[in-house]
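Visitor: Below you'll find the structure I mean.
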Amino acid sequence: MPQLRLDELLEELQARIDAARGTRDRVHSLLEAVLSVGRELDLTQVLRRIVEAAAVLVDAKYAALGVIGPDGETLSAFLTVGLSEEEIAKIGPYPTGRGILGELIRNPESLRLENLSEHPASYGCPMHHPVMRTFLGVPVRVRDEVFGNLYLTDKRGGEEFDADDESVIATLAVAAGVAIDNARLYEEAQRQQRWLSASAEITRALLSGGSRSEVLELIAQRAREITGADLADVSVPLAGTDTVRVELALGGDAVGRTGLVVPLAGSLSGEACASGVPVTTADLAGEPRLSAGARRFEGLGSAVAVPLGRAEGQIDGVLLLAREAGAPEFTDREIGPLLGFADQAALALELAERRRDAEQLAMLEDRDRIARDLHDLAIQRLFATGMTLQSAARFIEHPGASDRVLRAVGDLDETIKIIRSTIFGLRAREERSGQGLRARAVRAVEQAQAVLGFPPRLSMEGLLDTDVPAEIAEHVVAVLGEALSNAARHAKADRVEVVLGATGQQVMLTVQDNGVGVPEQGRRSGLRNLAERAEGLGGVFELISPAEGGTRLTWSAPLR
């Protein structure tokens, strides 16, 4: 009897030693898991480590972490352990938060089940989903906010999850909340650093005299990169209309979107422009409020449109960012820095406008000076030279020499007329403030830059503002606009050259690109219009594909 009693005591002692050792090992595993989770700073890696550690700590066959979406009712992300990629593909889309998973969303408290299929909230499993019996669910909180839930099923060996398992996972969930918060703060700090770097880069571009289009493209590109957007558009309101035009497009079908004109009502950019505040949507392609141009955004989900406004409340444009369907929605943390970026974009637009005004003023002042110098210096000297030659002709006895001198006097008179015409054109140009053919051609080329995606090369020769009548100038501007539009839509070129000249007898416009040439099939209505304009003025229209490739359009009309 004493020996049996001693054996029992020894067995009991061994059992307690084993239990203590098991508890020690589990505590060590928990500490290692906490350290492993807290060591990561990338949020995605933190979430993955949490799921893996949870499965190991309670010896679960399957584990998952569901991240609750902004609506607080569904899951926006779902990370799993225990299923292969092939099994996940067969099961189909990840759950959104119904059944048992939704039960923890509605009631964020720990939940242990012997058989999850017997729970009243059980929703069933999709086809090809493995059968699961035991269940343990624990919420993960970040600063008193439920971030998501840990789901564990099927403890190995057929055992049920016990109170110790629940306690261990609850402890891990607390550490996970801290790790997630740290990862968020680190991610936010990194994002802020990227915004600051981008802001400094944009400021340098502004101060170094970068063009309006270059600065806008830089703003849109950096905003797209930092927010992880798949699409970025900059739209500007069209004066005197209730529409906006896409001036710059990045990502997706950028060529197809560039130059599109959409109404204020029924478009995300239009609503932001009209209201002056950011406008968001969770589904850009299927948003019922957006009736204008929805087909342009197929496959896109979360989007935000931020107005680019000045201090006095004037809206100069709208920056639209969109992510592909299924990507996370834009949060207030992301929209906040975008507003600062929008202010910089508005500054770029305003600075470019002021720079154009300053250049215009300088050009007008220079024209006025040239006109004054021509009148006060050149004409007077030519006139005096002509009078001297004319008086000297009377003393020349040789008939041939006398005729030559008189012809020279006539040439001087004609030169004086040309200079006077030039002076009149310079001063009339100042009075008309941008209505001359030269200025209109420059504006047409500048506007085409946004559609083409690069600046066309422009060369101008002759007295375009004085020799070309207003009626013919209207035709030239229309032909130039149509030619550049055709190059943007069809040529797929990266270089366009425009040559506009007036010879005194005719005005000629040549637009040449290095694109794909004239398509065999396609609409020709625009080209017919150009030909009819030339024929109506007695001119010539020609469209050819040079041997070096591309397309060369030549349009001319007589001036007399």
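Residues are referred to by chain and number: the chain letter is A, B, ... according to the order shown in the structure tokens, the number counts from 1 in that chain, and ligands are numbered separately from 1 in the order shown.
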Identify all residues of range 438-557 of chain A in strand (DSSP E) (DSSP on the backbone) and supply them as a count of residues only.
Guide: 32
Visitor: Would you list the contacts of range 257-264 of chain A as a PDB file with all heavy atoms, in the first residue's frame, taking every protein, DNA or RNA residue within 7 Å and counting only C-alpha atoms, but skipping same-chain residues closer than 3 positions in sequence?
Guide:
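As written to disk, result.pdb reads:
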ATOM      1  N   ASP A 242     -21.355  74.789 -68.556  1.00  0.00           N
ATOM      2  CA  ASP A 242     -21.510  73.948 -67.364  1.00  0.00           C
ATOM      3  C   ASP A 242     -20.813  72.608 -67.588  1.00  0.00           C
ATOM      4  O   ASP A 242     -21.364  71.530 -67.331  1.00  0.00           O
ATOM      5  CB  ASP A 242     -22.994  73.726 -67.059  1.00  0.00           C
ATOM      6  CG  ASP A 242     -23.671  75.003 -66.601  1.00  0.00           C
ATOM      7  OD1 ASP A 242     -22.988  75.853 -66.012  1.00  0.00           O
ATOM      8  OD2 ASP A 242     -24.886  75.157 -66.854  1.00  0.00           O
ATOM      9  N   THR A 243     -19.592  72.678 -68.109  1.00  0.00           N
ATOM     10  CA  THR A 243     -18.838  71.464 -68.421  1.00  0.00           C
ATOM     11  C   THR A 243     -17.390  71.611 -67.945  1.00  0.00           C
ATOM     12  O   THR A 243     -16.919  72.705 -67.651  1.00  0.00           O
ATOM     13  CB  THR A 243     -18.824  71.188 -69.940  1.00  0.00           C
ATOM     14  OG1 THR A 243     -18.230  72.313 -70.616  1.00  0.00           O
ATOM     15  CG2 THR A 243     -20.228  70.973 -70.463  1.00  0.00           C
ATOM     16  N   VAL A 244     -16.711  70.470 -67.860  1.00  0.00           N
ATOM     17  CA  VAL A 244     -15.273  70.435 -67.595  1.00  0.00           C
ATOM     18  C   VAL A 244     -14.622  69.568 -68.662  1.00  0.00           C
ATOM     19  O   VAL A 244     -15.234  68.638 -69.188  1.00  0.00           O
ATOM     20  CB  VAL A 244     -14.951  69.884 -66.191  1.00  0.00           C
ATOM     21  CG1 VAL A 244     -15.466  70.814 -65.116  1.00  0.00           C
ATOM     22  CG2 VAL A 244     -15.530  68.481 -66.001  1.00  0.00           C
ATOM     23  N   ARG A 245     -13.366  69.893 -68.970  1.00  0.00           N
ATOM     24  CA  ARG A 245     -12.619  69.137 -69.979  1.00  0.00           C
ATOM     25  C   ARG A 245     -11.427  68.461 -69.325  1.00  0.00           C
ATOM     26  O   ARG A 245     -10.724  69.072 -68.521  1.00  0.00           O
ATOM     27  CB  ARG A 245     -12.148  70.065 -71.098  1.00  0.00           C
ATOM     28  CG  ARG A 245     -11.333  69.359 -72.193  1.00  0.00           C
ATOM     29  CD  ARG A 245     -10.984  70.325 -73.312  1.00  0.00           C
ATOM     30  NE  ARG A 245     -10.166  71.419 -72.829  1.00  0.00           N
ATOM     31  CZ  ARG A 245      -8.851  71.374 -72.718  1.00  0.00           C
ATOM     32  NH1 ARG A 245      -8.201  70.259 -73.046  1.00  0.00           N
ATOM     33  NH2 ARG A 245      -8.171  72.414 -72.281  1.00  0.00           N
ATOM     34  N   VAL A 246     -11.195  67.185 -69.664  1.00  0.00           N
ATOM     35  CA  VAL A 246     -10.050  66.439 -69.131  1.00  0.00           C
ATOM     36  C   VAL A 246      -8.798  66.933 -69.843  1.00  0.00           C
ATOM     37  O   VAL A 246      -8.582  66.649 -71.017  1.00  0.00           O
ATOM     38  CB  VAL A 246     -10.231  64.923 -69.336  1.00  0.00           C
ATOM     39  CG1 VAL A 246      -9.024  64.174 -68.767  1.00  0.00           C
ATOM     40  CG2 VAL A 246     -11.507  64.430 -68.678  1.00  0.00           C
ATOM     41  N   GLU A 247      -7.985  67.697 -69.123  1.00  0.00           N
ATOM     42  CA  GLU A 247      -6.765  68.264 -69.707  1.00  0.00           C
ATOM     43  C   GLU A 247      -5.597  67.302 -69.614  1.00  0.00           C
ATOM     44  O   GLU A 247      -4.750  67.257 -70.498  1.00  0.00           O
ATOM     45  CB  GLU A 247      -6.417  69.570 -68.996  1.00  0.00           C
ATOM     46  CG  GLU A 247      -5.173  70.254 -69.543  1.00  0.00           C
ATOM     47  CD  GLU A 247      -4.922  71.607 -68.927  1.00  0.00           C
ATOM     48  OE1 GLU A 247      -5.904  72.290 -68.551  1.00  0.00           O
ATOM     49  OE2 GLU A 247      -3.755  71.999 -68.800  1.00  0.00           O
ATOM     50  N   LEU A 248      -5.551  66.516 -68.539  1.00  0.00           N
ATOM     51  CA  LEU A 248      -4.438  65.579 -68.337  1.00  0.00           C
ATOM     52  C   LEU A 248      -4.994  64.269 -67.826  1.00  0.00           C
ATOM     53  O   LEU A 248      -5.840  64.254 -66.927  1.00  0.00           O
ATOM     54  CB  LEU A 248      -3.442  66.170 -67.330  1.00  0.00           C
ATOM     55  CG  LEU A 248      -2.306  65.248 -66.874  1.00  0.00           C
ATOM     56  CD1 LEU A 248      -1.333  65.020 -68.026  1.00  0.00           C
ATOM     57  CD2 LEU A 248      -1.566  65.845 -65.689  1.00  0.00           C
ATOM     58  N   ALA A 249      -4.547  63.156 -68.394  1.00  0.00           N
ATOM     59  CA  ALA A 249      -5.014  61.834 -67.974  1.00  0.00           C
ATOM     60  C   ALA A 249      -3.814  60.905 -67.824  1.00  0.00           C
ATOM     61  O   ALA A 249      -2.929  60.872 -68.693  1.00  0.00           O
ATOM     62  CB  ALA A 249      -6.003  61.259 -68.995  1.00  0.00           C
ATOM     63  N   ASP A 253      -7.078  54.080 -70.008  1.00  0.00           N
ATOM     64  CA  ASP A 253      -7.164  54.577 -71.383  1.00  0.00           C
ATOM     65  C   ASP A 253      -6.952  56.090 -71.378  1.00  0.00           C
ATOM     66  O   ASP A 253      -7.873  56.877 -71.597  1.00  0.00           O
ATOM     67  CB  ASP A 253      -8.526  54.218 -71.979  1.00  0.00           C
ATOM     68  CG  ASP A 253      -8.653  54.648 -73.439  1.00  0.00           C
ATOM     69  OD1 ASP A 253      -7.602  54.909 -74.070  1.00  0.00           O
ATOM     70  OD2 ASP A 253      -9.790  54.751 -73.942  1.00  0.00           O
ATOM     71  N   ALA A 254      -5.705  56.505 -71.096  1.00  0.00           N
ATOM     72  CA  ALA A 254      -5.410  57.937 -70.971  1.00  0.00           C
ATOM     73  C   ALA A 254      -5.678  58.685 -72.266  1.00  0.00           C
ATOM     74  O   ALA A 254      -6.215  59.798 -72.254  1.00  0.00           O
ATOM     75  CB  ALA A 254      -3.956  58.124 -70.538  1.00  0.00           C
ATOM     76  N   SER A 267     -21.123  63.820 -63.149  1.00  0.00           N
ATOM     77  CA  SER A 267     -19.739  63.367 -63.180  1.00  0.00           C
ATOM     78  C   SER A 267     -19.084  63.722 -61.851  1.00  0.00           C
ATOM     79  O   SER A 267     -19.406  64.752 -61.250  1.00  0.00           O
ATOM     80  CB  SER A 267     -18.969  64.003 -64.342  1.00  0.00           C
ATOM     81  OG  SER A 267     -18.855  65.403 -64.162  1.00  0.00           O
ATOM     82  N   GLY A 270     -17.156  66.901 -62.142  1.00  0.00           N
ATOM     83  CA  GLY A 270     -18.075  68.028 -62.251  1.00  0.00           C
ATOM     84  C   GLY A 270     -18.691  68.403 -60.921  1.00  0.00           C
ATOM     85  O   GLY A 270     -18.837  69.592 -60.597  1.00  0.00           O
ATOM     86  N   GLU A 271     -19.065  67.399 -60.123  1.00  0.00           N
ATOM     87  CA  GLU A 271     -19.654  67.690 -58.806  1.00  0.00           C
ATOM     88  C   GLU A 271     -18.654  68.368 -57.894  1.00  0.00           C
ATOM     89  O   GLU A 271     -18.994  69.296 -57.149  1.00  0.00           O
ATOM     90  CB  GLU A 271     -20.161  66.389 -58.170  1.00  0.00           C
ATOM     91  CG  GLU A 271     -21.431  65.847 -58.808  1.00  0.00           C
ATOM     92  CD  GLU A 271     -22.069  64.752 -57.973  1.00  0.00           C
ATOM     93  OE1 GLU A 271     -21.695  64.621 -56.788  1.00  0.00           O
ATOM     94  OE2 GLU A 271     -22.942  64.049 -58.496  1.00  0.00           O
ATOM     95  N   ALA A 274     -18.346  71.948 -59.040  1.00  0.00           N
ATOM     96  CA  ALA A 274     -19.515  72.771 -58.718  1.00  0.00           C
ATOM     97  C   ALA A 274     -19.635  73.043 -57.223  1.00  0.00           C
ATOM     98  O   ALA A 274     -20.012  74.142 -56.810  1.00  0.00           O
ATOM     99  CB  ALA A 274     -20.776  72.082 -59.231  1.00  0.00           C
ATOM    100  N   ALA A 292     -22.821  60.635 -66.436  1.00  0.00           N
ATOM    101  CA  ALA A 292     -22.051  61.126 -67.582  1.00  0.00           C
ATOM    102  C   ALA A 292     -20.733  60.370 -67.690  1.00  0.00           C
ATOM    103  O   ALA A 292     -19.896  60.432 -66.818  1.00  0.00           O
ATOM    104  CB  ALA A 292     -21.769  62.626 -67.438  1.00  0.00           C
ATOM    105  N   VAL A 451      -3.947  67.530 -75.116  1.00  0.00           N
ATOM    106  CA  VAL A 451      -4.575  66.384 -75.784  1.00  0.00           C
ATOM    107  C   VAL A 451      -3.517  65.427 -76.323  1.00  0.00           C
ATOM    108  O   VAL A 451      -3.643  64.205 -76.230  1.00  0.00           O
ATOM    109  CB  VAL A 451      -5.500  66.872 -76.919  1.00  0.00           C
ATOM    110  CG1 VAL A 451      -6.185  65.696 -77.592  1.00  0.00           C
ATOM    111  CG2 VAL A 451      -6.523  67.850 -76.387  1.00  0.00           C
TER     112      VAL A 451
END
Visitor: Env of Leu150 in chain A: 7 Å cut, atoms = only C-alpha atoms, seq-sep filter 6 positions within chain, self excluded. Answer as a list of chain:residue names.
Guide: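 In the requested form, the answer reads A:Ala64, A:Leu65, A:Gly66, A:Gly137, A:Val138, A:Pro139, A:Val140.
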Visitor: Would you export the selected residues with all heavy atoms as an mmCIF file, in the first residue's frame, please?
Guide:
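Output file part_8.cif is given in full below:
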data_model
loop_
_atom_site.group_PDB
_atom_site.id
_atom_site.type_symbol
_atom_site.label_atom_id
_atom_site.label_comp_id
_atom_site.auth_asym_id
_atom_site.auth_seq_id
_atom_site.Cartn_x
_atom_site.Cartn_y
_atom_site.Cartn_z
ATOM 1 N N ALA A 64 -7.823 32.556 -39.835
ATOM 2 C CA ALA A 64 -8.091 33.693 -40.725
ATOM 3 C C ALA A 64 -8.213 34.961 -39.898
ATOM 4 O O ALA A 64 -8.546 34.929 -38.712
ATOM 5 C CB ALA A 64 -9.359 33.463 -41.537
ATOM 6 N N LEU A 65 -7.935 36.090 -40.537
ATOM 7 C CA LEU A 65 -8.125 37.409 -39.939
ATOM 8 C C LEU A 65 -8.974 38.229 -40.895
ATOM 9 O O LEU A 65 -8.592 38.467 -42.041
ATOM 10 C CB LEU A 65 -6.776 38.106 -39.703
ATOM 11 C CG LEU A 65 -6.849 39.559 -39.222
ATOM 12 C CD1 LEU A 65 -7.553 39.650 -37.871
ATOM 13 C CD2 LEU A 65 -5.455 40.165 -39.129
ATOM 14 N N GLY A 66 -10.151 38.620 -40.404
ATOM 15 C CA GLY A 66 -11.039 39.447 -41.212
ATOM 16 C C GLY A 66 -10.950 40.895 -40.766
ATOM 17 O O GLY A 66 -11.123 41.203 -39.586
ATOM 18 N N GLY A 137 -13.372 32.365 -32.052
ATOM 19 C CA GLY A 137 -13.294 33.695 -32.623
ATOM 20 C C GLY A 137 -12.994 34.730 -31.558
ATOM 21 O O GLY A 137 -13.608 34.712 -30.486
ATOM 22 N N VAL A 138 -12.059 35.638 -31.847
ATOM 23 C CA VAL A 138 -11.642 36.673 -30.889
ATOM 24 C C VAL A 138 -11.501 37.995 -31.637
ATOM 25 O O VAL A 138 -10.828 38.041 -32.677
ATOM 26 C CB VAL A 138 -10.308 36.305 -30.203
ATOM 27 C CG1 VAL A 138 -9.852 37.437 -29.278
ATOM 28 C CG2 VAL A 138 -10.441 35.009 -29.433
ATOM 29 N N PRO A 139 -12.104 39.085 -31.142
ATOM 30 C CA PRO A 139 -11.947 40.389 -31.800
ATOM 31 C C PRO A 139 -10.561 40.985 -31.561
ATOM 32 O O PRO A 139 -9.938 40.733 -30.528
ATOM 33 C CB PRO A 139 -13.037 41.243 -31.150
ATOM 34 C CG PRO A 139 -13.261 40.626 -29.815
ATOM 35 C CD PRO A 139 -13.019 39.157 -29.990
ATOM 36 N N VAL A 140 -10.103 41.753 -32.524
ATOM 37 C CA VAL A 140 -8.827 42.469 -32.420
ATOM 38 C C VAL A 140 -9.152 43.957 -32.379
ATOM 39 O O VAL A 140 -9.719 44.503 -33.324
ATOM 40 C CB VAL A 140 -7.905 42.162 -33.609
ATOM 41 C CG1 VAL A 140 -6.614 42.976 -33.507
ATOM 42 C CG2 VAL A 140 -7.593 40.674 -33.682
#
Visitor: If you count only C-alpha atoms, which residues fall within 9 Å of Ala63 in chain A, apart from same-chain ones fewer than 6 positions away, as a tab-separated table (two decimals) with N, CA, C and O atoms, in the first residue's frame?
Guide:
chain	number	residue	atom	x	y	z
A	51	VAL	N	-2.00	36.06	-38.07
A	51	VAL	CA	-2.77	34.85	-38.42
A	51	VAL	C	-1.91	33.61	-38.23
A	51	VAL	O	-2.35	32.60	-37.66
A	52	GLU	N	-0.69	33.67	-38.71
A	52	GLU	CA	0.19	32.49	-38.59
A	52	GLU	C	0.48	32.16	-37.13
A	52	GLU	O	0.47	30.99	-36.73
A	54	ALA	N	-1.37	32.86	-34.49
A	54	ALA	CA	-2.59	32.36	-33.84
A	54	ALA	C	-2.79	30.88	-34.14
A	54	ALA	O	-3.15	30.09	-33.25
A	55	ALA	N	-2.58	30.49	-35.40
A	55	ALA	CA	-2.76	29.07	-35.76
A	55	ALA	C	-1.77	28.19	-35.02
A	55	ALA	O	-2.11	27.10	-34.54
A	79	LEU	N	-7.48	37.43	-44.62
A	79	LEU	CA	-6.22	36.70	-44.75
A	79	LEU	C	-6.39	35.32	-44.14
A	79	LEU	O	-6.92	35.18	-43.03
A	80	THR	N	-5.92	34.30	-44.84
A	80	THR	CA	-6.14	32.93	-44.39
A	80	THR	C	-4.82	32.17	-44.24
A	80	THR	O	-3.82	32.50	-44.86
A	81	VAL	N	-4.87	31.12	-43.40
A	81	VAL	CA	-3.76	30.18	-43.21
A	81	VAL	C	-4.36	28.78	-43.21
A	81	VAL	O	-5.40	28.54	-42.58
A	82	GLY	N	-3.72	27.85	-43.90
A	82	GLY	CA	-4.19	26.47	-43.92
A	82	GLY	C	-4.81	26.06	-45.23
A	82	GLY	O	-5.05	24.86	-45.44
A	150	LEU	N	-10.15	37.52	-35.31
A	150	LEU	CA	-9.39	36.31	-35.56
A	150	LEU	C	-10.34	35.12	-35.54
A	150	LEU	O	-11.12	34.96	-34.59
A	151	TYR	N	-10.29	34.29	-36.57
A	151	TYR	CA	-11.14	33.09	-36.67
A	151	TYR	C	-10.24	31.87	-36.74
A	151	TYR	O	-9.35	31.80	-37.60
A	152	LEU	N	-10.45	30.89	-35.82
A	152	LEU	CA	-9.67	29.65	-35.82
A	152	LEU	C	-10.63	28.47	-35.80
A	152	LEU	O	-11.61	28.47	-35.04
A	153	THR	N	-10.33	27.47	-36.61
A	153	THR	CA	-11.21	26.29	-36.68
A	153	THR	C	-10.37	25.02	-36.71
A	153	THR	O	-9.21	25.01	-37.13
Visitor: Excluding range 181-185 of chain A and any residue of its chain fewer than 3 positions from it, enumerate the residues within 7 Å of it, using only C-alpha atoms, and give them as a ChimeraX atom specification.
Guide: /A:41-43,142,177-178,188-189
Visitor: Next, the residues of the selection above should be written as a PDB file, in the first residue's frame with N, CA, C and O atoms.
Guide:
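Saved file again.pdb follows:
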ATOM      1  N   LEU A  41       6.807  46.223 -39.299  1.00  0.00           N
ATOM      2  CA  LEU A  41       6.251  47.576 -39.434  1.00  0.00           C
ATOM      3  C   LEU A  41       5.356  47.711 -40.661  1.00  0.00           C
ATOM      4  O   LEU A  41       4.578  48.652 -40.744  1.00  0.00           O
ATOM      5  N   ASP A  42       5.495  46.782 -41.587  1.00  0.00           N
ATOM      6  CA  ASP A  42       4.599  46.786 -42.741  1.00  0.00           C
ATOM      7  C   ASP A  42       3.263  46.171 -42.337  1.00  0.00           C
ATOM      8  O   ASP A  42       3.215  45.051 -41.825  1.00  0.00           O
ATOM      9  N   LEU A  43       2.164  46.900 -42.567  1.00  0.00           N
ATOM     10  CA  LEU A  43       0.862  46.470 -42.068  1.00  0.00           C
ATOM     11  C   LEU A  43       0.450  45.115 -42.639  1.00  0.00           C
ATOM     12  O   LEU A  43      -0.063  44.258 -41.912  1.00  0.00           O
ATOM     13  N   VAL A 142      -8.000  48.024 -31.826  1.00  0.00           N
ATOM     14  CA  VAL A 142      -6.927  49.018 -31.940  1.00  0.00           C
ATOM     15  C   VAL A 142      -7.448  50.314 -31.337  1.00  0.00           C
ATOM     16  O   VAL A 142      -8.333  50.962 -31.898  1.00  0.00           O
ATOM     17  N   GLY A 177      -3.221  44.239 -31.634  1.00  0.00           N
ATOM     18  CA  GLY A 177      -3.764  45.597 -31.729  1.00  0.00           C
ATOM     19  C   GLY A 177      -2.671  46.642 -31.621  1.00  0.00           C
ATOM     20  O   GLY A 177      -2.657  47.632 -32.365  1.00  0.00           O
ATOM     21  N   VAL A 178      -1.738  46.425 -30.703  1.00  0.00           N
ATOM     22  CA  VAL A 178      -0.612  47.357 -30.551  1.00  0.00           C
ATOM     23  C   VAL A 178       0.261  47.340 -31.808  1.00  0.00           C
ATOM     24  O   VAL A 178       0.690  48.392 -32.307  1.00  0.00           O
ATOM     25  N   GLU A 188       1.683  55.849 -41.795  1.00  0.00           N
ATOM     26  CA  GLU A 188       1.267  57.247 -41.894  1.00  0.00           C
ATOM     27  C   GLU A 188       2.486  58.171 -41.945  1.00  0.00           C
ATOM     28  O   GLU A 188       2.510  59.137 -42.718  1.00  0.00           O
ATOM     29  N   ALA A 189       3.501  57.889 -41.128  1.00  0.00           N
ATOM     30  CA  ALA A 189       4.717  58.704 -41.147  1.00  0.00           C
ATOM     31  C   ALA A 189       5.418  58.611 -42.498  1.00  0.00           C
ATOM     32  O   ALA A 189       5.906  59.617 -43.034  1.00  0.00           O
TER      33      ALA A 189
END
Visitor: Taking into account only C-alpha atoms, which residue in the set A:Val516, A:Val511, A:Val277, A:Val174 is nearest to His490 in chain A?
Guide: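 Going through A:Val516, A:Val511, A:Val277, A:Val174 one by one, the smallest distance to His490 in chain A is for A:Val516.
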Visitor: Report, in Å to a single decimal, how far apart CA of Phe135 in chain A and CA of Gly157 in chain A are.
Guide: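 Computing it gives 14.1 Å between the two atoms.
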Visitor: Quick one: residues within 9 Å of Asp164 in chain A, only C-alpha atoms, excluding same-chain residues fewer than 4 positions away - as a tab-separated table (two decimals) with all heavy atoms, in the first residue's frame?
Guide:
chain	number	residue	atom	x	y	z
A	58	VAL	N	-2.56	27.73	-30.89
A	58	VAL	CA	-3.66	26.85	-30.44
A	58	VAL	C	-3.73	25.58	-31.29
A	58	VAL	O	-4.69	24.82	-31.18
A	58	VAL	CB	-5.00	27.59	-30.46
A	58	VAL	CG1	-4.98	28.74	-29.48
A	58	VAL	CG2	-5.34	28.08	-31.86
A	168	VAL	N	-5.10	32.55	-24.53
A	168	VAL	CA	-3.88	32.80	-25.30
A	168	VAL	C	-4.17	33.67	-26.51
A	168	VAL	O	-3.45	34.64	-26.80
A	168	VAL	CB	-3.25	31.45	-25.73
A	168	VAL	CG1	-2.18	31.68	-26.79
A	168	VAL	CG2	-2.65	30.75	-24.54
A	169	ILE	N	-5.24	33.36	-27.25
A	169	ILE	CA	-5.58	34.14	-28.45
A	169	ILE	C	-6.02	35.55	-28.07
A	169	ILE	O	-5.71	36.52	-28.78
A	169	ILE	CB	-6.67	33.43	-29.27
A	169	ILE	CG1	-6.15	32.07	-29.76
A	169	ILE	CG2	-7.11	34.27	-30.45
A	169	ILE	CD1	-4.92	32.18	-30.64
